[in-house]
Amino acid sequence: MKYKILMMLTLLTVLVACENNVLENLDNNPPQITRVEPEQASVIVSSIDTVYLKLKVTDDHSDYRDIKVKVECEKDGVIFEGNPNSANIVEIEVVNLAKGLHNLNITANDKLKKENVSVFSIDVSIVVPIELRAEKVNRQTFLSWDEILEPDFEKLVIERYNPNEYDPEYNVIAEITDKSITSLTDTLLPIGEYLDYRATIYDTESRKSEESIVRIELPMGPFFELEYYSVTHAILHPTQDWVYINVNDDANKIIIYDFANEKIVKEIDLDYEPRYPVIADNGNGYQVFVPGDNSALNIYSADENFSLIQTINTEEDVNNVVPNGNGILIAGMDNYYYNYRDYHIRTFSQSTGELLDSIGGSYGKARIVGDPINKNVVYGFETSTSNNARLKCEIDNSGKFINYEYDNSFDYRVDQNRNLFVTPTGEHFITSYVAFSTSDFNTDTEIGSVSLSGITFNDDASLIYTCSYISNKIIIYSYPSFQLVGEIETRTTPGKILYRDNKIITVGNENGNYIIEIYQ
């Protein structure tokens with residue numbers, strides 16, 4: 001029995017030896033290593049990327065279980081060691097690699113210990129980028145991004161591109177070296193169609209990431225490309241958050257702008273030059289009265305349609321008009337024809353368009369403003385090329401003049417194109433930088449030293465907010481003392497200024513681009 005077992009073992013050994021000898025004679029090739037994914041011999045990644053390596057390892061005379069595969073990196077040690085799966089596939093995920101070049105040596109052995117080696121390289125040199133986000137908040141750009149993941153972080157550079165510049169290019173607005181910072185607010189925005197923001201990460205070896213670019217449309221809201229000084233007047237709608245912007249200098253239009261929602265309600269082209277519009281209820285609900293150089297007074301609806309309701313023939317051009325609230329229109333005329341020099345202030349019936357009365361001095365143009373308390377009283381100026389006279393007129397309820405005062409004793413020039421303003425209490429009317437008392441006609445008070453292009457008051461008339469074409473600021477005075485209180489720096493030159501609900505609303509100008517700005 002022992003002899004038989006010995007004989008069988010000997011025979012088995014001989015058979016195995018023969019098989020190996022046969023295999024060795026047949027299999028002179030080591031296992032084949034084929035890269036399935038990726039096919040190339042190297043990749044370039046960032047330190048947070050996962051590299052998926054898929055290999056196919058085959059041998060003509062070896063079962064997959066007899067093939068041994070080892071993946072090793074001199075920097076990172078053994079990454080994989082084992083057999084392929086039944087499809088002869090080896091799948092490896094390589095993560096958390098440090099910066100630099102990582103050469104992976106892939107070794108495959110078959111059952112006869114025949115060996116094949118392949119090298120796969122991973123270059124960890126890409127700087128981890130960020131995804132920049134941008135949001136427009138109160139005419140500022142709020143930029144944000146997630147946590148910075150680049151391990152060798154040096155700095156984050158934020159740049160801004162303004163296409164409206166003479167030679168536009170990306171300009172750096174911030175360099176951030178603190179990884180914990182994840183937001184930035186850009187406060188000094190230019191007027192324009194859009195702004196582009198670009199974010200780039202730099203590592204400690206000055207390598208930079210892929211750029212992240214975002215765009216903000218109309219960063220300062222809608223704007224109007226107009227001729228310089230072409231906005232001659234601006235008024236507020238009594239119940240809507242609308243500003244009516246008066247444009248001439250060949251443009252000749254009215255722009256209705258919704259400042260609460262930052263959008264244009266309507267833009268109306270006119271076939272005449274508009275002068276000084278006013279919104280008032282003259283017995284027919286709120287309407288817009290637009291005088292012009294077409295010898296007419298044009299009356300429009302005060303809604304989004306801005307429909308023409310009525311045109312009154314005034315025989316001469318009209319500078320501005322004061323509705324008295326009871327169907328009478330008091331008009332300040334605009335002419336230099338001296339045969340009409342006694343008719344510079346006229347009254348018209350709105351219902352019939354009939355001329356009711358006229359009065360005036362010996363000068364060429366009249367600019368008037370209504371008393372807020374007594375609607376039948378107006379104040380203003382008559383001006384010519386060489387003379388000026390301040391005036392006060394009063395009418396009765398039929399539109400007939402019952403009082404007319406004027407004074408030409410002052411010796412400084414009054415620009416007839418300047419706005420006139422009356423205080424909410426009716427105590428002063430103001431033009432240029434001088435306030436005139438309405439009770440004591442000969443008393444005046446200087447307000448600052450620059451000619452004012454806009455004046456408005458707060459709710460209780462204790463403060464006057466003023467602006468000028470020559471400075472980027474709002475100057476504040478107390479009232480009625482006219483003492484300087486303070487200043488507000490503005491983004492643009494505020495040519496016109498209005499007030500509502502604790503908001504100062506300006507029509508600002510920057511290189512011919514006009515924009516509505518709000519200050520609180």
# chains A, B, ... in the order shown; residues from 1 in each chain; ligands from 1
>>> select_by_dssp(residues="range 190-406 of chain A", states="strand (DSSP E or B)", output="short mmCIF file (atom, residue, chain, number, x, y, z; two decimals) with N, CA, C and O atoms, in the first residue's frame")
data_model
loop_
_atom_site.label_atom_id
_atom_site.label_comp_id
_atom_site.auth_asym_id
_atom_site.auth_seq_id
_atom_site.Cartn_x
_atom_site.Cartn_y
_atom_site.Cartn_z
N TYR A 194 -22.80 96.23 -18.06
CA TYR A 194 -22.46 95.06 -17.26
C TYR A 194 -21.07 95.22 -16.67
O TYR A 194 -20.27 96.08 -17.07
N LEU A 195 -20.76 94.36 -15.72
CA LEU A 195 -19.41 94.20 -15.17
C LEU A 195 -19.09 92.72 -15.12
O LEU A 195 -19.96 91.90 -14.79
N ASP A 196 -17.86 92.36 -15.45
CA ASP A 196 -17.39 90.99 -15.28
C ASP A 196 -16.42 90.93 -14.11
O ASP A 196 -15.58 91.83 -13.94
N TYR A 197 -16.54 89.86 -13.32
CA TYR A 197 -15.63 89.63 -12.20
C TYR A 197 -14.89 88.32 -12.45
O TYR A 197 -15.48 87.33 -12.92
N ARG A 198 -13.59 88.31 -12.13
CA ARG A 198 -12.76 87.14 -12.37
C ARG A 198 -12.00 86.79 -11.09
O ARG A 198 -11.42 87.67 -10.44
N ALA A 199 -12.02 85.50 -10.73
CA ALA A 199 -11.34 85.03 -9.52
C ALA A 199 -10.29 83.99 -9.90
O ALA A 199 -10.57 83.07 -10.67
N THR A 200 -9.07 84.15 -9.37
CA THR A 200 -7.97 83.23 -9.64
C THR A 200 -7.25 82.91 -8.34
O THR A 200 -6.91 83.82 -7.58
N ILE A 201 -6.99 81.61 -8.11
CA ILE A 201 -6.22 81.17 -6.95
C ILE A 201 -4.76 80.98 -7.38
O ILE A 201 -4.47 80.41 -8.43
N TYR A 202 -3.83 81.46 -6.53
CA TYR A 202 -2.40 81.23 -6.75
C TYR A 202 -1.86 80.39 -5.61
O TYR A 202 -2.23 80.59 -4.45
N ASP A 203 -0.96 79.42 -5.96
CA ASP A 203 -0.34 78.61 -4.90
C ASP A 203 1.03 79.19 -4.54
O ASP A 203 1.45 80.22 -5.07
N LYS A 208 -1.22 79.22 -11.02
CA LYS A 208 -2.56 79.75 -10.83
C LYS A 208 -3.62 78.76 -11.30
O LYS A 208 -3.38 77.90 -12.16
N SER A 212 -12.43 81.72 -12.68
CA SER A 212 -13.89 81.68 -12.54
C SER A 212 -14.41 83.08 -12.84
O SER A 212 -14.00 84.05 -12.19
N ILE A 213 -15.31 83.20 -13.83
CA ILE A 213 -15.80 84.51 -14.28
C ILE A 213 -17.32 84.56 -14.15
O ILE A 213 -18.02 83.62 -14.55
N VAL A 214 -17.82 85.66 -13.58
CA VAL A 214 -19.26 85.88 -13.48
C VAL A 214 -19.56 87.29 -13.98
O VAL A 214 -18.70 88.16 -14.00
N ARG A 215 -20.82 87.52 -14.37
CA ARG A 215 -21.23 88.81 -14.91
C ARG A 215 -22.41 89.36 -14.12
O ARG A 215 -23.33 88.63 -13.75
N ILE A 216 -22.38 90.68 -13.90
CA ILE A 216 -23.48 91.42 -13.30
C ILE A 216 -24.03 92.38 -14.36
O ILE A 216 -23.29 93.20 -14.89
N GLU A 217 -25.31 92.24 -14.67
CA GLU A 217 -25.95 93.14 -15.64
C GLU A 217 -26.40 94.42 -14.94
O GLU A 217 -26.90 94.39 -13.81
N PHE A 223 -29.64 103.09 -16.96
CA PHE A 223 -29.07 104.43 -17.09
C PHE A 223 -29.44 104.99 -18.46
O PHE A 223 -29.91 104.27 -19.34
N PHE A 224 -29.22 106.28 -18.62
CA PHE A 224 -29.65 106.97 -19.83
C PHE A 224 -28.45 107.70 -20.42
O PHE A 224 -27.85 108.55 -19.77
N GLU A 225 -28.10 107.34 -21.65
CA GLU A 225 -27.00 107.99 -22.33
C GLU A 225 -27.54 109.25 -23.02
O GLU A 225 -28.17 109.18 -24.07
N VAL A 231 -30.63 116.91 -18.89
CA VAL A 231 -31.73 116.71 -17.96
C VAL A 231 -31.98 118.04 -17.26
O VAL A 231 -31.20 118.48 -16.43
N THR A 232 -33.07 118.69 -17.61
CA THR A 232 -33.33 120.03 -17.10
C THR A 232 -34.27 120.05 -15.90
O THR A 232 -34.36 121.05 -15.20
N HIS A 233 -34.97 118.95 -15.67
CA HIS A 233 -35.93 118.96 -14.58
C HIS A 233 -36.26 117.51 -14.21
O HIS A 233 -36.13 116.60 -15.03
N ALA A 234 -36.69 117.31 -12.97
CA ALA A 234 -37.14 115.99 -12.52
C ALA A 234 -38.21 116.20 -11.46
O ALA A 234 -38.08 117.08 -10.59
N ILE A 235 -39.27 115.41 -11.52
CA ILE A 235 -40.37 115.53 -10.56
C ILE A 235 -40.79 114.14 -10.11
O ILE A 235 -40.59 113.14 -10.81
N LEU A 236 -41.39 114.06 -8.93
CA LEU A 236 -41.90 112.82 -8.38
C LEU A 236 -43.39 112.70 -8.62
O LEU A 236 -44.13 113.68 -8.52
N TRP A 242 -42.31 106.87 -8.94
CA TRP A 242 -41.86 107.22 -10.28
C TRP A 242 -41.21 108.59 -10.27
O TRP A 242 -41.68 109.52 -9.62
N VAL A 243 -40.12 108.68 -11.02
CA VAL A 243 -39.49 109.96 -11.30
C VAL A 243 -39.72 110.28 -12.78
O VAL A 243 -39.50 109.43 -13.65
N TYR A 244 -40.19 111.49 -13.04
CA TYR A 244 -40.33 111.96 -14.41
C TYR A 244 -39.09 112.79 -14.72
O TYR A 244 -38.84 113.82 -14.08
N ILE A 245 -38.32 112.35 -15.71
CA ILE A 245 -37.08 113.02 -16.07
C ILE A 245 -37.32 113.80 -17.36
O ILE A 245 -37.74 113.23 -18.37
N ASN A 246 -37.03 115.07 -17.29
CA ASN A 246 -37.25 115.97 -18.42
C ASN A 246 -35.96 116.12 -19.21
O ASN A 246 -34.93 116.52 -18.66
N VAL A 247 -35.99 115.78 -20.49
CA VAL A 247 -34.78 115.78 -21.32
C VAL A 247 -34.99 116.69 -22.52
O VAL A 247 -35.98 116.58 -23.24
N LYS A 253 -37.56 114.51 -24.74
CA LYS A 253 -38.34 113.37 -24.29
C LYS A 253 -38.61 113.47 -22.80
O LYS A 253 -37.99 114.23 -22.07
N ILE A 254 -39.58 112.68 -22.35
CA ILE A 254 -39.87 112.47 -20.94
C ILE A 254 -39.60 111.00 -20.65
O ILE A 254 -40.09 110.12 -21.37
N ILE A 255 -38.83 110.73 -19.60
CA ILE A 255 -38.57 109.35 -19.17
C ILE A 255 -39.24 109.15 -17.82
O ILE A 255 -39.00 109.90 -16.88
N ILE A 256 -40.08 108.13 -17.73
CA ILE A 256 -40.71 107.77 -16.46
C ILE A 256 -39.96 106.57 -15.91
O ILE A 256 -39.90 105.51 -16.55
N TYR A 257 -39.38 106.75 -14.72
CA TYR A 257 -38.51 105.72 -14.15
C TYR A 257 -39.05 105.27 -12.79
O TYR A 257 -39.34 106.10 -11.92
N ASP A 258 -39.22 103.97 -12.62
CA ASP A 258 -39.66 103.37 -11.36
C ASP A 258 -38.42 103.12 -10.51
O ASP A 258 -37.69 102.16 -10.72
N LYS A 263 -36.58 100.22 -12.98
CA LYS A 263 -36.94 99.93 -14.37
C LYS A 263 -37.59 101.15 -14.99
O LYS A 263 -38.15 102.02 -14.29
N ILE A 264 -37.50 101.23 -16.29
CA ILE A 264 -38.12 102.32 -17.04
C ILE A 264 -39.58 101.96 -17.28
O ILE A 264 -39.89 100.91 -17.86
N VAL A 265 -40.50 102.82 -16.83
CA VAL A 265 -41.92 102.61 -17.06
C VAL A 265 -42.27 102.97 -18.50
O VAL A 265 -42.94 102.23 -19.20
N LYS A 266 -41.77 104.12 -18.93
CA LYS A 266 -42.04 104.55 -20.30
C LYS A 266 -41.06 105.64 -20.69
O LYS A 266 -40.61 106.42 -19.85
N GLU A 267 -40.75 105.67 -21.98
CA GLU A 267 -39.90 106.72 -22.54
C GLU A 267 -40.66 107.34 -23.70
O GLU A 267 -41.01 106.65 -24.65
N ILE A 268 -40.95 108.64 -23.57
CA ILE A 268 -41.84 109.30 -24.52
C ILE A 268 -41.06 110.32 -25.34
O ILE A 268 -40.49 111.27 -24.79
N ASP A 269 -40.99 110.13 -26.64
CA ASP A 269 -40.38 111.10 -27.53
C ASP A 269 -41.40 112.19 -27.86
O ASP A 269 -42.56 111.91 -28.18
N PRO A 274 -39.47 120.08 -24.21
CA PRO A 274 -40.19 120.26 -22.94
C PRO A 274 -39.42 121.20 -22.02
O PRO A 274 -38.19 121.19 -21.97
N TYR A 276 -40.50 122.83 -18.11
CA TYR A 276 -40.52 122.42 -16.70
C TYR A 276 -41.86 121.77 -16.37
O TYR A 276 -42.81 122.46 -16.02
N VAL A 278 -44.86 119.62 -14.45
CA VAL A 278 -45.36 119.56 -13.08
C VAL A 278 -46.49 118.54 -13.04
O VAL A 278 -47.24 118.39 -14.02
N ILE A 279 -46.61 117.81 -11.94
CA ILE A 279 -47.74 116.91 -11.72
C ILE A 279 -48.63 117.54 -10.67
O ILE A 279 -48.17 117.93 -9.59
N ALA A 280 -49.91 117.66 -10.97
CA ALA A 280 -50.83 118.29 -10.03
C ALA A 280 -52.24 117.82 -10.30
O ALA A 280 -52.57 117.32 -11.39
N ASP A 281 -53.10 117.99 -9.29
CA ASP A 281 -54.53 117.76 -9.44
C ASP A 281 -55.19 119.13 -9.57
O ASP A 281 -55.27 119.89 -8.60
N TYR A 286 -54.79 113.60 -10.80
CA TYR A 286 -53.41 113.93 -11.14
C TYR A 286 -53.18 113.87 -12.64
O TYR A 286 -53.55 112.91 -13.32
N GLN A 287 -52.56 114.93 -13.13
CA GLN A 287 -52.18 115.02 -14.54
C GLN A 287 -50.78 115.63 -14.63
O GLN A 287 -50.30 116.26 -13.68
N VAL A 288 -50.13 115.41 -15.77
CA VAL A 288 -48.80 115.95 -16.01
C VAL A 288 -48.92 117.12 -16.98
O VAL A 288 -49.42 116.95 -18.11
N PHE A 289 -48.48 118.28 -16.54
CA PHE A 289 -48.55 119.50 -17.36
C PHE A 289 -47.14 119.78 -17.90
O PHE A 289 -46.20 120.01 -17.13
N VAL A 290 -47.01 119.74 -19.22
CA VAL A 290 -45.70 119.88 -19.85
C VAL A 290 -45.72 121.09 -20.77
O VAL A 290 -46.25 121.03 -21.89
N PRO A 291 -45.14 122.22 -20.35
CA PRO A 291 -44.98 123.36 -21.25
C PRO A 291 -43.82 123.11 -22.21
O PRO A 291 -42.95 122.27 -21.93
N GLY A 292 -43.83 123.83 -23.33
CA GLY A 292 -42.76 123.60 -24.28
C GLY A 292 -42.55 124.77 -25.21
O GLY A 292 -43.15 125.84 -25.06
N ALA A 296 -47.48 126.09 -26.70
CA ALA A 296 -48.61 125.32 -26.19
C ALA A 296 -48.28 124.77 -24.82
O ALA A 296 -47.12 124.63 -24.44
N LEU A 297 -49.35 124.47 -24.11
CA LEU A 297 -49.25 123.75 -22.85
C LEU A 297 -49.89 122.38 -23.07
O LEU A 297 -51.07 122.29 -23.43
N ASN A 298 -49.10 121.32 -22.87
CA ASN A 298 -49.54 119.97 -23.18
C ASN A 298 -49.84 119.22 -21.88
O ASN A 298 -49.03 119.20 -20.96
N ILE A 299 -51.01 118.59 -21.82
CA ILE A 299 -51.47 117.95 -20.59
C ILE A 299 -51.62 116.45 -20.86
O ILE A 299 -52.28 116.04 -21.83
N TYR A 300 -50.98 115.63 -19.99
CA TYR A 300 -50.93 114.17 -20.17
C TYR A 300 -51.51 113.47 -18.94
O TYR A 300 -51.53 114.02 -17.83
N SER A 301 -51.91 112.22 -19.14
CA SER A 301 -52.34 111.40 -18.01
C SER A 301 -51.12 111.04 -17.16
O SER A 301 -50.02 110.85 -17.68
N LEU A 308 -51.73 111.83 -24.15
CA LEU A 308 -52.01 113.25 -24.33
C LEU A 308 -53.51 113.48 -24.18
O LEU A 308 -54.33 112.90 -24.89
N ILE A 309 -53.87 114.32 -23.21
CA ILE A 309 -55.28 114.61 -22.92
C ILE A 309 -55.73 115.90 -23.58
O ILE A 309 -56.82 115.98 -24.15
N GLN A 310 -54.87 116.92 -23.53
CA GLN A 310 -55.30 118.24 -23.96
C GLN A 310 -54.08 119.08 -24.36
O GLN A 310 -53.00 118.93 -23.78
N THR A 311 -54.25 119.93 -25.33
CA THR A 311 -53.23 120.90 -25.72
C THR A 311 -53.87 122.28 -25.73
O THR A 311 -54.89 122.50 -26.39
N ILE A 312 -53.29 123.19 -24.96
CA ILE A 312 -53.80 124.57 -24.88
C ILE A 312 -52.86 125.48 -25.67
O ILE A 312 -51.65 125.51 -25.42
N ASN A 313 -53.42 126.19 -26.62
CA ASN A 313 -52.64 127.15 -27.40
C ASN A 313 -52.36 128.38 -26.55
O ASN A 313 -53.27 129.08 -26.13
N ASP A 317 -44.28 130.64 -26.31
CA ASP A 317 -43.72 129.49 -25.61
C ASP A 317 -43.90 129.65 -24.11
O ASP A 317 -43.90 130.77 -23.58
N VAL A 318 -44.05 128.54 -23.42
CA VAL A 318 -44.28 128.55 -21.98
C VAL A 318 -43.06 127.97 -21.27
O VAL A 318 -42.55 126.91 -21.64
N ASN A 319 -42.58 128.69 -20.25
CA ASN A 319 -41.47 128.18 -19.45
C ASN A 319 -41.95 127.15 -18.43
O ASN A 319 -41.44 126.04 -18.35
N ASN A 320 -42.93 127.56 -17.62
CA ASN A 320 -43.51 126.63 -16.67
C ASN A 320 -44.91 127.08 -16.29
O ASN A 320 -45.33 128.18 -16.62
N VAL A 321 -45.63 126.19 -15.63
CA VAL A 321 -47.03 126.46 -15.31
C VAL A 321 -47.31 126.04 -13.88
O VAL A 321 -46.72 125.08 -13.37
N VAL A 322 -48.20 126.77 -13.21
CA VAL A 322 -48.62 126.45 -11.84
C VAL A 322 -50.13 126.25 -11.86
O VAL A 322 -50.89 127.23 -12.00
N PRO A 323 -50.64 125.01 -11.73
CA PRO A 323 -52.07 124.80 -11.57
C PRO A 323 -52.51 125.23 -10.17
O PRO A 323 -51.82 124.92 -9.19
N ILE A 328 -57.58 126.59 -12.86
CA ILE A 328 -56.86 127.72 -13.45
C ILE A 328 -55.39 127.36 -13.59
O ILE A 328 -54.79 126.75 -12.70
N LEU A 329 -54.78 127.74 -14.70
CA LEU A 329 -53.36 127.52 -14.95
C LEU A 329 -52.65 128.86 -15.02
O LEU A 329 -53.03 129.73 -15.83
N ILE A 330 -51.65 129.06 -14.15
CA ILE A 330 -50.85 130.29 -14.17
C ILE A 330 -49.55 129.95 -14.90
O ILE A 330 -48.81 129.05 -14.47
N ALA A 331 -49.27 130.63 -15.98
CA ALA A 331 -48.15 130.28 -16.85
C ALA A 331 -47.09 131.38 -16.84
O ALA A 331 -47.41 132.57 -16.95
N GLY A 332 -45.82 130.96 -16.73
CA GLY A 332 -44.70 131.86 -16.93
C GLY A 332 -44.24 131.74 -18.36
O GLY A 332 -43.81 130.67 -18.80
N MET A 333 -44.34 132.81 -19.13
CA MET A 333 -44.09 132.76 -20.57
C MET A 333 -42.60 132.88 -20.88
O MET A 333 -41.78 133.27 -20.03
N ASP A 334 -42.24 132.57 -22.11
CA ASP A 334 -40.85 132.55 -22.54
C ASP A 334 -40.76 133.24 -23.90
O ASP A 334 -41.01 132.62 -24.93
N ILE A 345 -46.75 136.85 -17.71
CA ILE A 345 -47.44 135.92 -16.83
C ILE A 345 -48.90 135.92 -17.23
O ILE A 345 -49.54 136.98 -17.29
N ARG A 346 -49.42 134.73 -17.52
CA ARG A 346 -50.78 134.65 -18.04
C ARG A 346 -51.55 133.57 -17.29
O ARG A 346 -50.97 132.64 -16.73
N THR A 347 -52.85 133.69 -17.31
CA THR A 347 -53.71 132.65 -16.73
C THR A 347 -54.61 132.08 -17.83
O THR A 347 -55.07 132.81 -18.72
N PHE A 348 -54.85 130.77 -17.73
CA PHE A 348 -55.69 130.07 -18.71
C PHE A 348 -56.69 129.20 -17.96
O PHE A 348 -56.42 128.69 -16.87
N SER A 349 -57.85 129.03 -18.58
CA SER A 349 -58.82 128.06 -18.08
C SER A 349 -58.44 126.70 -18.63
O SER A 349 -58.29 126.54 -19.86
N LEU A 355 -57.61 132.16 -22.66
CA LEU A 355 -56.75 133.10 -21.96
C LEU A 355 -57.62 133.96 -21.05
O LEU A 355 -58.55 134.64 -21.53
N LEU A 356 -57.34 133.95 -19.76
CA LEU A 356 -58.17 134.67 -18.80
C LEU A 356 -57.60 136.05 -18.47
O LEU A 356 -58.34 137.02 -18.36
N ASP A 357 -56.29 136.13 -18.29
CA ASP A 357 -55.71 137.42 -17.90
C ASP A 357 -54.20 137.35 -18.15
O ASP A 357 -53.63 136.26 -18.34
N SER A 358 -53.54 138.50 -18.15
CA SER A 358 -52.09 138.54 -18.31
C SER A 358 -51.54 139.75 -17.58
O SER A 358 -52.24 140.75 -17.40
N ILE A 359 -50.31 139.63 -17.18
CA ILE A 359 -49.66 140.72 -16.47
C ILE A 359 -48.17 140.53 -16.64
O ILE A 359 -47.69 139.44 -16.98
N LYS A 365 -38.44 136.87 -20.01
CA LYS A 365 -38.89 135.54 -19.64
C LYS A 365 -39.37 135.54 -18.21
O LYS A 365 -38.88 136.31 -17.39
N ALA A 366 -40.29 134.65 -17.91
CA ALA A 366 -40.78 134.52 -16.54
C ALA A 366 -40.64 133.07 -16.08
O ALA A 366 -40.96 132.15 -16.84
N ARG A 367 -40.12 132.89 -14.87
CA ARG A 367 -40.07 131.58 -14.20
C ARG A 367 -40.78 131.73 -12.88
O ARG A 367 -40.44 132.60 -12.08
N ILE A 368 -41.81 130.91 -12.66
CA ILE A 368 -42.63 131.07 -11.47
C ILE A 368 -42.74 129.75 -10.72
O ILE A 368 -42.52 128.66 -11.27
N VAL A 369 -43.10 129.85 -9.45
CA VAL A 369 -43.33 128.69 -8.60
C VAL A 369 -44.50 129.03 -7.68
O VAL A 369 -44.66 130.19 -7.26
N GLY A 370 -45.35 128.04 -7.40
CA GLY A 370 -46.56 128.30 -6.65
C GLY A 370 -46.35 128.24 -5.14
O GLY A 370 -45.50 127.51 -4.63
N VAL A 377 -51.28 132.14 -5.42
CA VAL A 377 -50.11 133.02 -5.36
C VAL A 377 -48.92 132.32 -6.00
O VAL A 377 -48.69 131.12 -5.77
N VAL A 378 -48.17 133.05 -6.79
CA VAL A 378 -46.93 132.52 -7.37
C VAL A 378 -45.81 133.53 -7.12
O VAL A 378 -46.04 134.72 -6.96
N TYR A 379 -44.58 133.00 -7.08
CA TYR A 379 -43.37 133.82 -6.95
C TYR A 379 -42.46 133.48 -8.12
O TYR A 379 -42.57 132.41 -8.73
N GLY A 380 -41.52 134.36 -8.42
CA GLY A 380 -40.59 134.03 -9.47
C GLY A 380 -39.76 135.20 -9.93
O GLY A 380 -39.50 136.15 -9.17
N PHE A 381 -39.32 135.09 -11.19
CA PHE A 381 -38.44 136.09 -11.78
C PHE A 381 -38.88 136.37 -13.20
O PHE A 381 -39.37 135.48 -13.92
N GLU A 382 -38.69 137.60 -13.59
CA GLU A 382 -38.70 137.97 -15.00
C GLU A 382 -37.27 138.33 -15.35
O GLU A 382 -36.63 139.11 -14.63
N THR A 383 -36.75 137.75 -16.40
CA THR A 383 -35.34 137.97 -16.75
C THR A 383 -35.21 138.30 -18.23
O THR A 383 -36.01 137.89 -19.06
N ASN A 388 -33.10 141.81 -14.40
CA ASN A 388 -33.81 140.80 -13.63
C ASN A 388 -34.78 141.48 -12.69
O ASN A 388 -34.48 142.54 -12.13
N ALA A 389 -35.92 140.87 -12.51
CA ALA A 389 -36.89 141.38 -11.54
C ALA A 389 -37.55 140.20 -10.85
O ALA A 389 -38.05 139.29 -11.51
N ARG A 390 -37.52 140.19 -9.53
CA ARG A 390 -38.25 139.16 -8.81
C ARG A 390 -39.68 139.63 -8.65
O ARG A 390 -39.97 140.82 -8.55
N LEU A 391 -40.61 138.67 -8.57
CA LEU A 391 -42.01 139.05 -8.63
C LEU A 391 -42.86 138.20 -7.70
O LEU A 391 -42.47 137.11 -7.28
N LYS A 392 -44.04 138.72 -7.44
CA LYS A 392 -45.07 138.02 -6.69
C LYS A 392 -46.40 138.40 -7.31
O LYS A 392 -46.71 139.57 -7.49
N CYS A 393 -47.20 137.37 -7.64
CA CYS A 393 -48.50 137.62 -8.26
C CYS A 393 -49.58 136.86 -7.49
O CYS A 393 -49.33 135.80 -6.92
N GLU A 394 -50.80 137.41 -7.53
CA GLU A 394 -51.93 136.72 -6.94
C GLU A 394 -53.13 136.88 -7.85
O GLU A 394 -53.35 137.94 -8.45
N ILE A 395 -53.91 135.79 -7.97
CA ILE A 395 -55.11 135.83 -8.79
C ILE A 395 -56.33 135.57 -7.90
O ILE A 395 -56.22 135.04 -6.78
N PHE A 401 -55.81 138.67 -12.25
CA PHE A 401 -54.75 139.12 -11.36
C PHE A 401 -55.28 140.22 -10.45
O PHE A 401 -55.89 141.20 -10.91
N ILE A 402 -55.06 140.06 -9.15
CA ILE A 402 -55.48 141.08 -8.19
C ILE A 402 -54.28 141.70 -7.49
O ILE A 402 -54.45 142.67 -6.75
N ASN A 403 -53.09 141.15 -7.70
CA ASN A 403 -51.90 141.72 -7.08
C ASN A 403 -50.69 141.36 -7.92
O ASN A 403 -50.57 140.24 -8.44
N TYR A 404 -49.79 142.31 -8.08
CA TYR A 404 -48.54 142.06 -8.81
C TYR A 404 -47.46 142.93 -8.21
O TYR A 404 -47.62 144.17 -8.12
N GLU A 405 -46.41 142.33 -7.71
CA GLU A 405 -45.28 143.06 -7.13
C GLU A 405 -44.01 142.61 -7.85
O GLU A 405 -43.86 141.43 -8.19
N TYR A 406 -43.11 143.52 -8.04
CA TYR A 406 -41.81 143.12 -8.57
C TYR A 406 -40.75 144.06 -8.03
O TYR A 406 -41.03 145.17 -7.58
#
>>> closest_residue(among="A:Ile106, A:Ile89, A:Ala174, A:Ala98", to="Leu143 in chain A", atoms="only C-alpha atoms")
A:Ala174
>>> atom_distance(atom1="CA of Tyr469 in chain A", atom2="CA of Tyr433 in chain A")
12.8 Å
>>> closest_residue(among="A:Asn116, A:Ser121, A:Thr456, A:Thr182", to="Asp146 in chain A", atoms="only C-alpha atoms")
A:Thr182
>>> closest_residue(among="A:Ser180, A:Asn472, A:Asn374, A:Thr466", to="Leu484 in chain A", atoms="only C-alpha atoms")
A:Thr466
>>> residues_around(residues="range 38-55 of chain A", least_positions_apart="5", cutoff="7 Å", atoms="only C-alpha atoms", output="ChimeraX atom specification")
/A:33,89-99,120-128
>>> residues_around(residues="Glu427 in chain A", least_positions_apart="4", cutoff="9 Å", atoms="only C-alpha atoms", output="list in words")
Asp371, Val422, Thr423, Phe436, Ser437, Thr438, Ser439 and Pro480 of chain A
>>> atom_distance(atom1="CA of Ile373 in chain A", atom2="CA of Gly353 in chain A")
25.3 Å
>>> closest_residue(among="A:Asp440, A:Pro222, A:Glu304, A:Ile518", to="Lys503 in chain A", atoms="only C-alpha atoms")
A:Ile518
>>> closest_residue(among="A:Val119, A:Met220, A:Leu270, A:Ile430", to="Glu74 in chain A", atoms="only C-alpha atoms")
A:Val119
>>> decode(residues="range 275-279 of chain A", atoms="N, CA and C atoms", output="PDB file, in the first residue's frame")
ATOM      1  N   ARG A 275     -40.144 122.013 -21.266  1.00  0.00           N
ATOM      2  CA  ARG A 275     -39.502 122.952 -20.353  1.00  0.00           C
ATOM      3  C   ARG A 275     -39.535 122.409 -18.920  1.00  0.00           C
ATOM      4  N   TYR A 276     -40.497 122.827 -18.106  1.00  0.00           N
ATOM      5  CA  TYR A 276     -40.515 122.421 -16.701  1.00  0.00           C
ATOM      6  C   TYR A 276     -41.856 121.767 -16.371  1.00  0.00           C
ATOM      7  N   PRO A 277     -41.963 120.449 -16.474  1.00  0.00           N
ATOM      8  CA  PRO A 277     -43.233 119.773 -16.196  1.00  0.00           C
ATOM      9  C   PRO A 277     -43.596 119.857 -14.716  1.00  0.00           C
ATOM     10  N   VAL A 278     -44.865 119.624 -14.447  1.00  0.00           N
ATOM     11  CA  VAL A 278     -45.357 119.558 -13.079  1.00  0.00           C
ATOM     12  C   VAL A 278     -46.495 118.540 -13.042  1.00  0.00           C
ATOM     13  N   ILE A 279     -46.606 117.810 -11.939  1.00  0.00           N
ATOM     14  CA  ILE A 279     -47.739 116.905 -11.722  1.00  0.00           C
ATOM     15  C   ILE A 279     -48.631 117.543 -10.670  1.00  0.00           C
TER      16      ILE A 279
END
